Amino acid sequence: MGQSFRNLAGFGKRMEYNLVGKMLMEGLDCYLPLVDDHGVDCVIKKEDGTYIEIQIKARSKTVTEGDAALFAAITHEAAPNYYFVFYSERLDTMWIMSSKEFLNECVTNKTGKNVGKQSIWFNGNRIDKETGKKKEYCYPRFEKYIAKDFSRFH
């Protein structure tokens, strides 16, 4: 039996709280907007008194095989002090990118229902030599954005 709609629909919010909780555990001063209508899930006040805005995007382990780290249909324009935190549950990997880095690395959809929106696909598939089965992996060009913590925000 598959997951319930309620469970699937709540995944994104659960991941936001999970990652913000980890930020708090690292000593970051986090504020959560009551409404997410500007693509901001968290605001961090840095030690120097400046603020950064964070957008959290997460993919569950139940997404289609090969799409573990596909983040699509994102609407974004360059913004200073704005960061994305991307998390793939299946790969158990987090990538942190500034607004500028995201715009430099993403693809803008030229056709289809999401024309003009951006997408980024951090992973590919290859055959595991030991098991002979397909395995998802992070593309090498995106390894520089992999983060084990939130030190980039301190």
# chains A, B, ... in the order shown; residues from 1 in each chain; ligands from 1
$ residues_around --residues "segment 69-73 of chain A" --least-positions-apart "4" --cutoff "12 Å" --atoms "only C-alpha atoms" --output "MDAnalysis selection string"
chainID A and resid 56:65 84:95 102 106:125 136:139 142
$ residues_around --residues "segment 29-41 of chain A" --least-positions-apart "5" --cutoff "10 Å" --atoms "only C-alpha atoms" --output "PDB file with C-alpha atoms, in the first residue's frame"
ATOM      1  CA  LYS A  13       6.721  21.081   5.432  1.00  0.00           C
ATOM      2  CA  GLU A  16      11.457  22.465   6.200  1.00  0.00           C
ATOM      3  CA  TYR A  17      11.043  22.007   9.956  1.00  0.00           C
ATOM      4  CA  VAL A  20      15.405  24.577  10.211  1.00  0.00           C
ATOM      5  CA  GLY A  21      15.742  22.505  13.396  1.00  0.00           C
ATOM      6  CA  MET A  23      20.040  25.189  11.627  1.00  0.00           C
ATOM      7  CA  LEU A  24      18.879  26.069  15.145  1.00  0.00           C
ATOM      8  CA  LYS A  46      23.633  36.644  10.911  1.00  0.00           C
ATOM      9  CA  GLU A  47      26.041  37.646  13.662  1.00  0.00           C
ATOM     10  CA  TYR A  51      19.705  38.894   7.096  1.00  0.00           C
ATOM     11  CA  ILE A  52      19.593  36.131   4.520  1.00  0.00           C
ATOM     12  CA  GLU A  53      16.517  34.500   3.040  1.00  0.00           C
ATOM     13  CA  ILE A  54      16.336  30.736   2.592  1.00  0.00           C
ATOM     14  CA  GLN A  55      14.160  28.681   0.257  1.00  0.00           C
ATOM     15  CA  ILE A  56      14.063  24.971   1.148  1.00  0.00           C
ATOM     16  CA  LYS A  57      13.302  22.380  -1.538  1.00  0.00           C
ATOM     17  CA  ILE A  74      10.986  26.981  -9.797  1.00  0.00           C
ATOM     18  CA  THR A  75      10.256  30.653 -10.370  1.00  0.00           C
ATOM     19  CA  HIS A  76      13.244  32.751  -9.328  1.00  0.00           C
ATOM     20  CA  TYR A  82      19.018  34.689  -0.955  1.00  0.00           C
ATOM     21  CA  TYR A  83      19.924  30.997  -0.768  1.00  0.00           C
ATOM     22  CA  PHE A  84      18.444  27.672  -1.743  1.00  0.00           C
ATOM     23  CA  HIS A 154      27.329  31.826   9.778  1.00  0.00           C
TER      24      HIS A 154
END
$ atom_distance --atom1 "atom CA of Ala79 of chain A" --atom2 "atom CA of Leu103 of chain A"
10.1 Å
$ atom_distance --atom1 "atom CA of Arg126 of chain A" --atom2 "atom CA of Ile146 of chain A"
19.6 Å
$ select_by_dssp --residues "segment 50-148 of chain A" --states "alpha helix (DSSP H)" --output "VMD selection string"
chain A and resid 99 to 105
$ write_last_selection --atoms "all heavy atoms" --output "PDB file, in the first residue's frame"
ATOM      1  N   SER A  99      21.517  32.542  -4.725  1.00  0.00           N
ATOM      2  CA  SER A  99      20.641  32.888  -5.843  1.00  0.00           C
ATOM      3  C   SER A  99      21.439  32.921  -7.151  1.00  0.00           C
ATOM      4  O   SER A  99      21.031  32.346  -8.157  1.00  0.00           O
ATOM      5  CB  SER A  99      20.009  34.264  -5.577  1.00  0.00           C
ATOM      6  OG  SER A  99      19.325  34.744  -6.698  1.00  0.00           O
ATOM      7  N   LYS A 100      22.570  33.567  -7.118  1.00  0.00           N
ATOM      8  CA  LYS A 100      23.411  33.692  -8.320  1.00  0.00           C
ATOM      9  C   LYS A 100      23.915  32.337  -8.794  1.00  0.00           C
ATOM     10  O   LYS A 100      23.890  32.032  -9.987  1.00  0.00           O
ATOM     11  CB  LYS A 100      24.588  34.633  -8.035  1.00  0.00           C
ATOM     12  CG  LYS A 100      25.469  34.892  -9.225  1.00  0.00           C
ATOM     13  CD  LYS A 100      26.591  35.853  -8.883  1.00  0.00           C
ATOM     14  CE  LYS A 100      27.478  36.074 -10.094  1.00  0.00           C
ATOM     15  NZ  LYS A 100      28.581  37.000  -9.793  1.00  0.00           N
ATOM     16  N   GLU A 101      24.375  31.507  -7.860  1.00  0.00           N
ATOM     17  CA  GLU A 101      24.861  30.172  -8.224  1.00  0.00           C
ATOM     18  C   GLU A 101      23.740  29.354  -8.860  1.00  0.00           C
ATOM     19  O   GLU A 101      23.957  28.677  -9.866  1.00  0.00           O
ATOM     20  CB  GLU A 101      25.410  29.453  -6.993  1.00  0.00           C
ATOM     21  CG  GLU A 101      26.705  30.049  -6.485  1.00  0.00           C
ATOM     22  CD  GLU A 101      27.081  29.593  -5.088  1.00  0.00           C
ATOM     23  OE1 GLU A 101      26.197  29.133  -4.332  1.00  0.00           O
ATOM     24  OE2 GLU A 101      28.277  29.715  -4.741  1.00  0.00           O
ATOM     25  N   PHE A 102      22.556  29.416  -8.257  1.00  0.00           N
ATOM     26  CA  PHE A 102      21.410  28.688  -8.815  1.00  0.00           C
ATOM     27  C   PHE A 102      21.133  29.134 -10.245  1.00  0.00           C
ATOM     28  O   PHE A 102      20.992  28.303 -11.150  1.00  0.00           O
ATOM     29  CB  PHE A 102      20.164  28.879  -7.944  1.00  0.00           C
ATOM     30  CG  PHE A 102      18.914  28.328  -8.568  1.00  0.00           C
ATOM     31  CD1 PHE A 102      18.693  26.965  -8.628  1.00  0.00           C
ATOM     32  CD2 PHE A 102      17.967  29.175  -9.126  1.00  0.00           C
ATOM     33  CE1 PHE A 102      17.546  26.446  -9.235  1.00  0.00           C
ATOM     34  CE2 PHE A 102      16.823  28.674  -9.725  1.00  0.00           C
ATOM     35  CZ  PHE A 102      16.610  27.305  -9.779  1.00  0.00           C
ATOM     36  N   LEU A 103      21.071  30.437 -10.465  1.00  0.00           N
ATOM     37  CA  LEU A 103      20.758  30.934 -11.812  1.00  0.00           C
ATOM     38  C   LEU A 103      21.849  30.580 -12.817  1.00  0.00           C
ATOM     39  O   LEU A 103      21.562  30.386 -13.997  1.00  0.00           O
ATOM     40  CB  LEU A 103      20.495  32.441 -11.771  1.00  0.00           C
ATOM     41  CG  LEU A 103      19.185  32.824 -11.065  1.00  0.00           C
ATOM     42  CD1 LEU A 103      19.092  34.333 -10.885  1.00  0.00           C
ATOM     43  CD2 LEU A 103      17.976  32.282 -11.815  1.00  0.00           C
ATOM     44  N   ASN A 104      23.097  30.478 -12.356  1.00  0.00           N
ATOM     45  CA  ASN A 104      24.189  30.074 -13.250  1.00  0.00           C
ATOM     46  C   ASN A 104      24.127  28.592 -13.610  1.00  0.00           C
ATOM     47  O   ASN A 104      24.592  28.192 -14.674  1.00  0.00           O
ATOM     48  CB  ASN A 104      25.546  30.378 -12.621  1.00  0.00           C
ATOM     49  CG  ASN A 104      25.874  31.846 -12.625  1.00  0.00           C
ATOM     50  OD1 ASN A 104      25.327  32.617 -13.413  1.00  0.00           O
ATOM     51  ND2 ASN A 104      26.750  32.257 -11.731  1.00  0.00           N
ATOM     52  N   GLU A 105      23.567  27.763 -12.728  1.00  0.00           N
ATOM     53  CA  GLU A 105      23.571  26.313 -12.918  1.00  0.00           C
ATOM     54  C   GLU A 105      22.253  25.743 -13.437  1.00  0.00           C
ATOM     55  O   GLU A 105      22.227  24.646 -13.982  1.00  0.00           O
ATOM     56  CB  GLU A 105      23.909  25.615 -11.600  1.00  0.00           C
ATOM     57  CG  GLU A 105      25.267  25.958 -11.018  1.00  0.00           C
ATOM     58  CD  GLU A 105      26.418  25.236 -11.690  1.00  0.00           C
ATOM     59  OE1 GLU A 105      26.203  24.504 -12.684  1.00  0.00           O
ATOM     60  OE2 GLU A 105      27.554  25.394 -11.208  1.00  0.00           O
TER      61      GLU A 105
END
$ residues_around --residues "Lys22 of chain A" --least-positions-apart "5" --cutoff "9 Å" --atoms "only C-alpha atoms" --output "list in words"
Tyr17, Gly27, Leu28, Asp149 and Phe150 of chain A
$ closest_residue --among "A:Ser151, A:Thr131, A:Phe11, A:Lys144" --to "Glu26 of chain A" --atoms "only C-alpha atoms"
A:Ser151
$ select_by_dssp --residues "chain A" --states "strand (DSSP E or B)" --output "PyMOL selection string"
chain A and resi 29-31+42-45+51-59+70-74+82-88+93-98+107-108+118-121+123-127+134-138+146
$ atom_distance --atom1 "atom CA of Ile44 of chain A" --atom2 "atom CA of Asn18 of chain A"
15.5 Å
$ closest_residue --among "A:Met97, A:Asp128, A:Lys134, A:Ala68" --to "Ala147 of chain A" --atoms "only C-alpha atoms"
A:Met97
